[in-house]
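Undergrad: Please find one structure pasted underneath; my questions will follow.
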Amino acid sequence: MSRLRIAPRQFLATLPLFADLSSEQLDMLAQATTELHVPRGRVVVERGESCSGLHAVIYGDVKLSIVSSEGDEKVVELIGPGQSFGEAPLFMERPYMTQAETLADSMLLHISKHAIYAQIERNPGFSRRLLASMSRRLHGLISDVESYTLRSGSQRIVSYLLKDDPAQGAEVTLAARKKMIASRLSLSPEYFSRVLHDMAHRGMVGIAGRSITILDIERLRAYEG
């Protein structure tokens with residue numbers, strides 16, 4: 001079956017990073033953009049690979065991780081639709097420090113670094129959005145360090161479930177399999193599952209696959225395991 005093709009310019013216009021660019025600027029970026037349809041479980045970039053541009057996610061999910069020589073994996077970040085990755089190696093002109101792998105069938109846009117550099121020189125607003133994006137990522141990494149060093153494992157799980165400030169009765173959908181989330185929180189999969197089931201047993205949450213229903217938000221906030 002042939003895949004419906006849509007001009008990269010139309011996809012670029014939907015991404016927050018490029019929202020305020022003019023039609024002419026979008027056209028220039030589109031000329032340097034490659035549309036990638038990547039099946040689940042495919043490595044997009046390897047750790048140590050040279051960075052030739054920015055990747056933006058249109059749909060699907062991408063896992064950024066570090067894999068040790070023994071095969072142990074640490075999930076660094078989960079990238080979803082509307083987000084991008086590769087900014088740090090792009091601007092530092094250094095190889096990727098993480099591996100990027102799709103967690104679902106995904107569509108990505110790869111935008112040439114030369115086109116990104118050209119927009120930075122011509123558009124101060126674009127530069128500010130890039131800085132804001134990188135600052136949010138840095139803030140998130142600092143929050144991770146704080147969480148790993150100052151919070152217990154159960155507190156990390158509570159923080160993850162409540163990070164988007166859900167209301168009582170809201171459903172929180174895990175962004176990936178529990179094993180991935182556990183690695184992201186520097187926890188073992190067994191501990192992560194045990195804590196979730198203890199929360200469910202105490203009537204704080206309901207669990208249905210990746211969907212977690214917040215049943216008692218006040219008790220959940222106070223949960224210590």
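Chains: A, B, ... in order of the structure tokens. Residues: from 1 per chain. Ligands: from 1, in order shown.
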If you take only C-alpha atoms and a cut-off of 12 Å, which residues of range 105-215 of chain A touch range 89-99 of chain A, and what are their nearest atom pairs and distances in Å to one decimal, in chain and number order, as CSV?
TA:
```
residue,atom,partner,partner_atom,distance
A:Ile111,CA,A:Leu90,CA,10.9
A:Ser112,CA,A:Leu90,CA,9.8
A:Lys113,CA,A:Leu90,CA,6.9
A:His114,CA,A:Leu90,CA,10.1
A:Ala115,CA,A:Leu90,CA,11.8
A:Ile116,CA,A:Leu90,CA,9.4
A:Tyr117,CA,A:Phe91,CA,9.0
A:Ile120,CA,A:Phe91,CA,11.2
A:Ser127,CA,A:Phe91,CA,11.9
A:Leu130,CA,A:Phe91,CA,10.6
A:Leu131,CA,A:Phe91,CA,11.0
A:Met134,CA,A:Phe91,CA,10.7
```
Undergrad: Quick one: residues within 12 Å of Arg128 in chain A, only C-alpha atoms, excluding same-chain residues fewer than 5 positions away - as a PyMOL selection string?
TA: chain A and resi 17-18+20+119-121+123+133-135
Undergrad: Just asking: which residues within range 57-201 of chain A are strand (DSSP E or B) according to DSSP, as a ChimeraX atom specification?
TA: /A:57-59,62-67,73-79,84-85,99-102,106-112,171-173
Undergrad: Between CA of Met180 in chain A and CA of Glu46 in chain A, measure the distance and give it in Å to one decimal.
TA: 18.2 Å
Undergrad: Write down as a PyMOL selection string the residues of range 32-217 of chain A whose backbone DSSP state falls under helix (DSSP H, G or I).
TA: chain A and resi 87-92+113-122+124-150+153-161+178-184+189-201+217
Undergrad: Using only C-alpha atoms, which protein or nucleic acid residues come within 12 Å of Glu171 in chain A? Drop anything in the same chain fewer than 3 positions from it, and give the result as an MDAnalysis selection string.
TA: chainID A and resid 161:162 164:168 174 205:215 217
Undergrad: Pull all heavy atoms from the residues just selected and write them as a CSV table (one decimal), in the first residue's frame.
TA:
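again.csv, written as the output of this step:
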```csv
chain,number,residue,atom,x,y,z
A,161,LEU,N,4.0,10.2,38.4
A,161,LEU,CA,2.6,10.1,38.2
A,161,LEU,C,1.9,11.4,38.2
A,161,LEU,O,0.9,11.7,37.5
A,161,LEU,CB,1.9,9.1,39.2
A,161,LEU,CG,2.3,7.7,39.1
A,161,LEU,CD1,1.7,6.9,40.2
A,161,LEU,CD2,2.0,7.1,37.7
A,162,LEU,N,2.4,12.3,39.1
A,162,LEU,CA,1.8,13.6,39.3
A,162,LEU,C,2.5,14.8,38.6
A,162,LEU,O,2.1,16.0,38.8
A,162,LEU,CB,1.7,13.9,40.8
A,162,LEU,CG,1.0,12.9,41.7
A,162,LEU,CD1,1.0,13.3,43.1
A,162,LEU,CD2,-0.5,12.7,41.2
A,164,ASP,N,2.3,16.1,35.7
A,164,ASP,CA,1.4,17.0,34.9
A,164,ASP,C,0.3,17.5,35.6
A,164,ASP,O,-0.7,18.0,35.1
A,164,ASP,CB,1.0,16.2,33.6
A,164,ASP,CG,2.1,15.9,32.7
A,164,ASP,OD1,3.0,16.7,32.6
A,164,ASP,OD2,2.1,14.8,32.0
A,165,ASP,N,0.3,17.4,37.0
A,165,ASP,CA,-0.7,17.9,37.9
A,165,ASP,C,-2.1,17.4,37.5
A,165,ASP,O,-3.0,18.2,37.3
A,165,ASP,CB,-0.7,19.4,37.8
A,165,ASP,CG,-1.4,20.1,39.0
A,165,ASP,OD1,-1.5,19.4,40.1
A,165,ASP,OD2,-1.9,21.2,38.9
A,166,PRO,N,-2.3,16.1,37.5
A,166,PRO,CA,-3.6,15.5,37.2
A,166,PRO,C,-4.6,15.7,38.3
A,166,PRO,O,-4.2,15.8,39.5
A,166,PRO,CB,-3.3,14.0,37.0
A,166,PRO,CG,-2.1,13.7,37.9
A,166,PRO,CD,-1.3,15.0,37.8
A,167,ALA,N,-5.9,15.8,37.9
A,167,ALA,CA,-6.9,15.9,38.9
A,167,ALA,C,-7.3,14.6,39.5
A,167,ALA,O,-7.0,13.5,38.9
A,167,ALA,CB,-8.1,16.6,38.3
A,168,GLN,N,-8.1,14.6,40.6
A,168,GLN,CA,-8.7,13.4,41.2
A,168,GLN,C,-9.5,12.7,40.1
A,168,GLN,O,-10.3,13.3,39.4
A,168,GLN,CB,-9.5,13.8,42.3
A,168,GLN,CG,-10.3,12.6,43.0
A,168,GLN,CD,-9.4,11.9,44.1
A,168,GLN,OE1,-8.4,12.5,44.5
A,168,GLN,NE2,-9.8,10.8,44.5
A,174,LEU,N,1.2,5.9,30.9
A,174,LEU,CA,2.6,5.7,30.9
A,174,LEU,C,3.1,5.9,29.5
A,174,LEU,O,2.6,5.3,28.6
A,174,LEU,CB,3.0,4.4,31.5
A,174,LEU,CG,2.5,4.0,32.9
A,174,LEU,CD1,3.0,2.7,33.3
A,174,LEU,CD2,3.0,5.1,33.9
A,205,VAL,N,-4.6,4.2,43.4
A,205,VAL,CA,-4.6,4.2,41.9
A,205,VAL,C,-5.3,3.0,41.4
A,205,VAL,O,-5.4,2.0,42.1
A,205,VAL,CB,-3.2,4.3,41.3
A,205,VAL,CG1,-2.4,5.5,41.8
A,205,VAL,CG2,-2.4,3.0,41.6
A,206,GLY,N,-5.8,3.1,40.2
A,206,GLY,CA,-6.3,1.9,39.5
A,206,GLY,C,-5.3,1.7,38.3
A,206,GLY,O,-4.9,2.6,37.7
A,207,ILE,N,-5.1,0.4,38.0
A,207,ILE,CA,-4.1,0.1,36.9
A,207,ILE,C,-4.8,-0.8,35.8
A,207,ILE,O,-5.4,-1.8,36.1
A,207,ILE,CB,-2.9,-0.7,37.5
A,207,ILE,CG1,-2.2,0.1,38.6
A,207,ILE,CG2,-1.9,-1.0,36.4
A,207,ILE,CD1,-1.1,-0.7,39.3
A,208,ALA,N,-4.7,-0.3,34.6
A,208,ALA,CA,-5.2,-1.1,33.5
A,208,ALA,C,-4.1,-0.9,32.3
A,208,ALA,O,-4.2,0.0,31.6
A,208,ALA,CB,-6.5,-0.6,33.0
A,209,GLY,N,-3.2,-1.9,32.3
A,209,GLY,CA,-2.1,-1.8,31.3
A,209,GLY,C,-1.3,-0.5,31.6
A,209,GLY,O,-0.7,-0.4,32.7
A,210,ARG,N,-1.1,0.3,30.6
A,210,ARG,CA,-0.3,1.6,30.8
A,210,ARG,C,-1.2,2.7,31.4
A,210,ARG,O,-0.6,3.8,31.6
A,210,ARG,CB,0.3,2.0,29.5
A,210,ARG,CG,1.4,1.1,28.9
A,210,ARG,CD,2.1,1.7,27.8
A,210,ARG,NE,3.0,0.9,27.2
A,210,ARG,CZ,3.8,1.2,26.1
A,210,ARG,NH1,3.6,2.4,25.5
A,210,ARG,NH2,4.6,0.3,25.6
A,211,SER,N,-2.4,2.5,31.6
A,211,SER,CA,-3.3,3.5,32.1
A,211,SER,C,-3.4,3.5,33.6
A,211,SER,O,-3.8,2.4,34.2
A,211,SER,CB,-4.7,3.4,31.5
A,211,SER,OG,-5.6,4.4,31.9
A,212,ILE,N,-3.0,4.6,34.3
A,212,ILE,CA,-3.1,4.6,35.7
A,212,ILE,C,-4.2,5.7,36.1
A,212,ILE,O,-4.1,6.9,35.7
A,212,ILE,CB,-1.7,5.1,36.3
A,212,ILE,CG1,-0.6,4.2,35.8
A,212,ILE,CG2,-1.8,5.0,37.8
A,212,ILE,CD1,-0.7,2.8,36.1
A,213,THR,N,-5.2,5.3,36.8
A,213,THR,CA,-6.2,6.2,37.3
A,213,THR,C,-5.9,6.7,38.7
A,213,THR,O,-5.7,5.9,39.6
A,213,THR,CB,-7.6,5.5,37.3
A,213,THR,OG1,-7.9,5.0,35.9
A,213,THR,CG2,-8.7,6.5,37.6
A,214,ILE,N,-5.9,8.0,38.9
A,214,ILE,CA,-5.7,8.6,40.2
A,214,ILE,C,-7.0,8.5,41.0
A,214,ILE,O,-7.9,9.3,40.7
A,214,ILE,CB,-5.2,10.0,40.0
A,214,ILE,CG1,-4.0,10.1,39.1
A,214,ILE,CG2,-4.8,10.6,41.4
A,214,ILE,CD1,-2.8,9.3,39.5
A,215,LEU,N,-7.0,7.6,42.0
A,215,LEU,CA,-8.2,7.4,42.8
A,215,LEU,C,-8.2,8.3,44.1
A,215,LEU,O,-9.3,8.7,44.6
A,215,LEU,CB,-8.4,6.0,43.1
A,215,LEU,CG,-8.5,5.0,42.0
A,215,LEU,CD1,-8.6,3.6,42.5
A,215,LEU,CD2,-9.7,5.4,41.1
A,217,ILE,N,-5.8,11.2,45.3
A,217,ILE,CA,-4.6,12.1,45.1
A,217,ILE,C,-3.9,12.5,46.3
A,217,ILE,O,-2.7,12.6,46.4
A,217,ILE,CB,-5.0,13.2,44.1
A,217,ILE,CG1,-3.7,13.8,43.5
A,217,ILE,CG2,-5.8,14.3,44.9
A,217,ILE,CD1,-4.0,14.8,42.4
```
Undergrad: Please provide the set of residues having any atom within 6 Å of range 80-86 of chain A, restricted to only C-alpha atoms, with same-chain residues fewer than 6 positions apart removed, written as a VMD selection string.
TA: chain A and resid 15 54 to 59 61
Undergrad: Under the rule that only C-alpha atoms are counted, which of A:Val45, A:Met199, A:Leu78, A:Met204 is the nearest residue to Arg137 in chain A?
TA: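 Residue with the minimum atom-to-atom distance to Arg137 in chain A: A:Leu78.
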Undergrad: Pick from A:His37, A:Arg202, A:Arg221, A:Lys178: nearest to His110 in chain A, with only C-alpha atoms counted?
TA: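 Going through A:His37, A:Arg202, A:Arg221, A:Lys178 one by one, the smallest distance to His110 in chain A is for A:His37.
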Undergrad: Would you mind telling me which residue in A:His201, A:Lys63, A:Arg129, A:Arg177 lies nearest to Pro16 in chain A when using only C-alpha atoms?
TA: A:Arg129
